[in-house]
Amino acid sequence: MAAFRSGLLVLTTPLASLTPRLVPILTSAARLVNHTLYVHLQPGLSLEGPAQPQCSPVQATFEIFDLITHLYTGADLHRHLDVRVLLNNIRAKNSFLPSLPSSVQNLAHPPEVVLTDFQTLDGSQYNPVKQQLERYATSCYSCCPQLASVLLYPQCEPEELLAEPLDVPSSSTIRPASPMARSPKQPVRGYHNGAVGGTFDRLHNAHKVLLSVACILAQERLVVGVADKDLLKSKLLPELLQPYAERVERLSEFLVDVKPSLTFDVIPLLDPYGPAGSDPSLEFLVVSEETYRGGLAVNRFRLENDLEELALYEIQLLKDPSHGENEEDKVSSSSFRHQMLGKLLRPPHKRLDIPQGLYVLGLTGISGSGKSSVAERLKNLGAFVIDSDHLGHRAYAPGGPAYQPVVEAFGPDILHKDGIINRKVLGSRVFGNKKQLKILTDIMWPIIAKMAREEMDVAMTEGKSVCVIDAAMLLEAGWENMVHEVWTIVIPETEAVQRIVERDGLSEAAAQSRLQSQMSGQQLVDQSHVVLSTLWEPHVTQRQVEKAWTLLQKRIPKSPSGP
């Protein structure tokens, strides 16, 4: 069980020997720290001897870039840890910065424990070495007053030191755009100002590599563009993206932690070029393998506008060996959003007015989202399904609870000759007419809600423990007040239009109009507890529903056992 929320790992092993040892080092650290792990690189540091060790500059080389990538790749094996490699003492060639600051650097999460890979001669937890380690840590960073210290190597089992190497690119992490012969020891040049961009959703270890390279290259100012608005539309499951402000907050905290000496301009990216296409003071742009073409386009745009080209630095992607079906084989935010499907996103509602022993889900989604197919899958797993459309048909029928009020409100000309309400005629009356639509919904929604509650009683008599209300207008009608959880089905709007056209024989314009009259997928997700998607093959949807159902069973309150 991890004992500390935050920790500082001081790595002293020479670079050539450090890479193969990173897995056991990080594994040992992950046993002791459960939230934030800062990493400080000081190869060759000695913690033995009477003199207090001092922080000294580390030359930024391509070998350092590769080590940082190995660190974040290793960190991806311990995703509960927020690993941050501190960069203030890593200096690029032609560094324009003054000598290392003498003041202590504040960290967002002051370490409660300092760890090191430094080995004592006899491999013991040697107190004088630990005291030197604590002095060194507190002379560099703000730490908790009761700072603990641990020498990791006594905890590394011999077999851990022989662990399989990480699956990282054999070539360098970073590729300058212009090919050049270089060695790992070759210093990396520094620049005054540069830029990097991305979505930075759920800031992950691949993002951290990209940002770390940019932070090392920049000596004064780094412009960080964060994709927003139109640039998000093409993203997978955009409804699950963190809000812009939340992404910026997490990103800014990381940047200030890893290199506080830089000035950061974090701005929204609203077009493919952003400030990189127009800011004459910028000298470099860091891109990934995926966005390299975008970097070339930025340079073409700059040349067209009489600006100098930017030096492009291309970062290789981090591979994700544990990715699932329909997930990318790289470490990506898209895969993280995919993994959120079926999981609980916020605490369920407590509903004291729902019959004890019955757990109620509200199932909703935009038109064409595949809501009915998910309802059928839940029914097959044991849920009692209430179809609100079916309740509406019953309510409209002659003798039904809505029949007379609707006829009185809209007149007898909405009736067929046999006295049945002509729903097409009624629909034409209310479509596009907010006043008429409100008259209809004010009649229908309370009646359907009452009928749904009666159906819940039926579910109880049948011995069902989970009841699903299938309702496209669940949230508009305010029916979330009679469910424990809202489950929403999302698909891209373009896919929804195509499905509506094929299913209902409407034109694309009519399908678009139908969707625009409903709450958007994003509005639904913002009030949802669980999100699912029918975008992929049916067996993928089935697995999502089964995953959501299994997780649901674990959180449903268990009824007291009988005698």
# chains A, B, ... in the order shown; residues from 1 in each chain; ligands from 1
$ residues_around --residues "A:Glu546" --least-positions-apart "5" --cutoff "12 Å" --atoms "only C-alpha atoms" --output "count of residues only"
17
$ closest_atom_pairs --of "stretch 213-243 of chain A" --to "stretch 266-288 of chain A" --cutoff "8 Å" --atoms "only C-alpha atoms" --output "CSV"
residue,atom,partner,partner_atom,distance
A:Val213,CA,A:Val286,CA,7.6
A:Ala214,CA,A:Val286,CA,6.1
A:Val223,CA,A:Val266,CA,6.1
A:Val224,CA,A:Val266,CA,4.7
A:Gly225,CA,A:Ile267,CA,5.1
A:Val226,CA,A:Pro268,CA,4.9
A:Ala227,CA,A:Leu269,CA,4.4
A:Asp228,CA,A:Leu269,CA,5.8
A:Lys229,CA,A:Leu270,CA,6.6
A:Asp230,CA,A:Leu270,CA,6.7
A:Leu231,CA,A:Leu270,CA,6.4
$ select_by_dssp --residues "stretch 232-358 of chain A" --states "helix (DSSP H, G or I)" --output "VMD selection string"
chain A and resid 232 238 to 240 244 to 258 274 to 277 292 to 304 333 to 340
$ residues_around --residues "A:Tyr153" --least-positions-apart "5" --cutoff "8 Å" --atoms "only C-alpha atoms" --output "JSON, numbers by chain"
{"A": [25, 117, 118, 119, 123]}
$ residues_around --residues "stretch 36-47 of chain A" --least-positions-apart "4" --cutoff "8 Å" --atoms "only C-alpha atoms" --output "MDAnalysis selection string"
chainID A and resid 5:15 53 55:56 58 81:87 109 111 118 129 132:133
$ closest_residue --among "A:Trp479, A:Trp549, A:Trp536, A:Tyr72" --to "A:Leu26" --atoms "only C-alpha atoms"
A:Tyr72
$ residues_around --residues "stretch 426-438 of chain A" --least-positions-apart "5" --cutoff "12 Å" --atoms "only C-alpha atoms" --output "list in words"
Tyr396, Val406, Val407, Ala409, Phe410, Gly411, Pro412, Asp413, Ile414, Leu415, His416, Ile420, Ile421, Ile443, Met444, Trp445, Glu476, Ala477, Ala510, Ser513, Arg514, Gln516, Ser517 and Gln518 of chain A
$ closest_atom_pairs --of "stretch 224-279 of chain A" --to "stretch 519-522 of chain A" --cutoff "10 Å" --atoms "only C-alpha atoms" --output "Markdown table"
| residue | atom | partner | partner_atom | distance |
| --- | --- | --- | --- | --- |
| A:Leu237 | CA | A:Gln522 | CA | 9.8 |
| A:Pro238 | CA | A:Gln522 | CA | 8.0 |
| A:Glu239 | CA | A:Gln522 | CA | 4.9 |
| A:Leu240 | CA | A:Gln522 | CA | 8.0 |
| A:Leu241 | CA | A:Gln522 | CA | 9.6 |
$ closest_residue --among "A:Asn89, A:Thr199, A:Asn305, A:Asn299" --to "A:Glu246" --atoms "only C-alpha atoms"
A:Thr199
$ select_by_dssp --residues "stretch 202-420 of chain A" --states "strand (DSSP E or B)" --output "ChimeraX atom specification"
/A:218-227,263-269,284-288,311-315,319,330,359-365,384-387,415
$ closest_residue --among "A:Val114, A:Val258, A:Ala297, A:Leu361" --to "A:Glu480" --atoms "only C-alpha atoms"
A:Leu361
$ residues_around --residues "A:Leu363" --least-positions-apart "4" --cutoff "7 Å" --atoms "only C-alpha atoms" --output "list of chain:residue names"
A:Val468, A:Ile469, A:Asp470, A:Ala471, A:Val486, A:Trp487, A:Thr488
$ closest_residue --among "A:Thr69, A:Thr364, A:Gln52, A:Ser139" --to "A:Ile315" --atoms "only C-alpha atoms"
A:Thr69
$ atom_distance --atom1 "atom CA of A:Gly295" --atom2 "atom CA of A:Gly194"
12.7 Å
$ atom_distance --atom1 "atom CA of A:Asp66" --atom2 "atom CA of A:Arg293"
22.8 Å
$ residues_around --residues "A:Ala16" --least-positions-apart "5" --cutoff "12 Å" --atoms "only C-alpha atoms" --output "PDB file with N, CA, C and O atoms, in the first residue's frame"
ATOM      1  N   ARG A  21      17.496   0.503 -16.090  1.00  0.00           N
ATOM      2  CA  ARG A  21      17.079   0.372 -14.690  1.00  0.00           C
ATOM      3  C   ARG A  21      15.794   1.149 -14.384  1.00  0.00           C
ATOM      4  O   ARG A  21      15.303   1.113 -13.256  1.00  0.00           O
ATOM      5  N   LEU A  22      15.258   1.860 -15.382  1.00  0.00           N
ATOM      6  CA  LEU A  22      14.119   2.733 -15.106  1.00  0.00           C
ATOM      7  C   LEU A  22      12.880   1.958 -14.665  1.00  0.00           C
ATOM      8  O   LEU A  22      12.144   2.410 -13.791  1.00  0.00           O
ATOM      9  N   PRO A  43      22.632  13.188 -12.885  1.00  0.00           N
ATOM     10  CA  PRO A  43      23.559  12.053 -13.056  1.00  0.00           C
ATOM     11  C   PRO A  43      24.911  12.338 -12.410  1.00  0.00           C
ATOM     12  O   PRO A  43      25.466  13.427 -12.548  1.00  0.00           O
ATOM     13  N   GLY A  44      25.416  11.326 -11.702  1.00  0.00           N
ATOM     14  CA  GLY A  44      26.735  11.462 -11.088  1.00  0.00           C
ATOM     15  C   GLY A  44      26.729  12.097  -9.724  1.00  0.00           C
ATOM     16  O   GLY A  44      27.787  12.234  -9.087  1.00  0.00           O
ATOM     17  N   GLU A  63      20.467  12.322 -25.977  1.00  0.00           N
ATOM     18  CA  GLU A  63      20.400  11.238 -25.006  1.00  0.00           C
ATOM     19  C   GLU A  63      19.453  11.593 -23.856  1.00  0.00           C
ATOM     20  O   GLU A  63      18.693  10.745 -23.362  1.00  0.00           O
ATOM     21  N   ILE A  64      19.472  12.854 -23.441  1.00  0.00           N
ATOM     22  CA  ILE A  64      18.568  13.318 -22.384  1.00  0.00           C
ATOM     23  C   ILE A  64      17.117  13.237 -22.871  1.00  0.00           C
ATOM     24  O   ILE A  64      16.215  12.792 -22.141  1.00  0.00           O
ATOM     25  N   ASP A  66      15.922  11.194 -25.056  1.00  0.00           N
ATOM     26  CA  ASP A  66      15.538   9.787 -25.079  1.00  0.00           C
ATOM     27  C   ASP A  66      15.265   9.256 -23.671  1.00  0.00           C
ATOM     28  O   ASP A  66      14.343   8.467 -23.457  1.00  0.00           O
ATOM     29  N   LEU A  67      16.080   9.714 -22.706  1.00  0.00           N
ATOM     30  CA  LEU A  67      15.867   9.277 -21.327  1.00  0.00           C
ATOM     31  C   LEU A  67      14.512   9.763 -20.812  1.00  0.00           C
ATOM     32  O   LEU A  67      13.781   9.016 -20.141  1.00  0.00           O
ATOM     33  N   PRO A 184      24.169  10.557 -29.721  1.00  0.00           N
ATOM     34  CA  PRO A 184      23.309  10.819 -28.555  1.00  0.00           C
ATOM     35  C   PRO A 184      23.876  11.894 -27.640  1.00  0.00           C
ATOM     36  O   PRO A 184      23.118  12.578 -26.949  1.00  0.00           O
ATOM     37  N   LYS A 185      25.222  12.043 -27.641  1.00  0.00           N
ATOM     38  CA  LYS A 185      25.855  13.017 -26.746  1.00  0.00           C
ATOM     39  C   LYS A 185      25.815  14.434 -27.314  1.00  0.00           C
ATOM     40  O   LYS A 185      26.227  15.377 -26.642  1.00  0.00           O
TER      41      LYS A 185
END
$ closest_residue --among "A:Val33, A:Val530, A:Ala206, A:Ala375" --to "A:Asp320" --atoms "only C-alpha atoms"
A:Ala206
$ atom_distance --atom1 "atom CA of A:Asp329" --atom2 "atom CA of A:Leu217"
28.0 Å
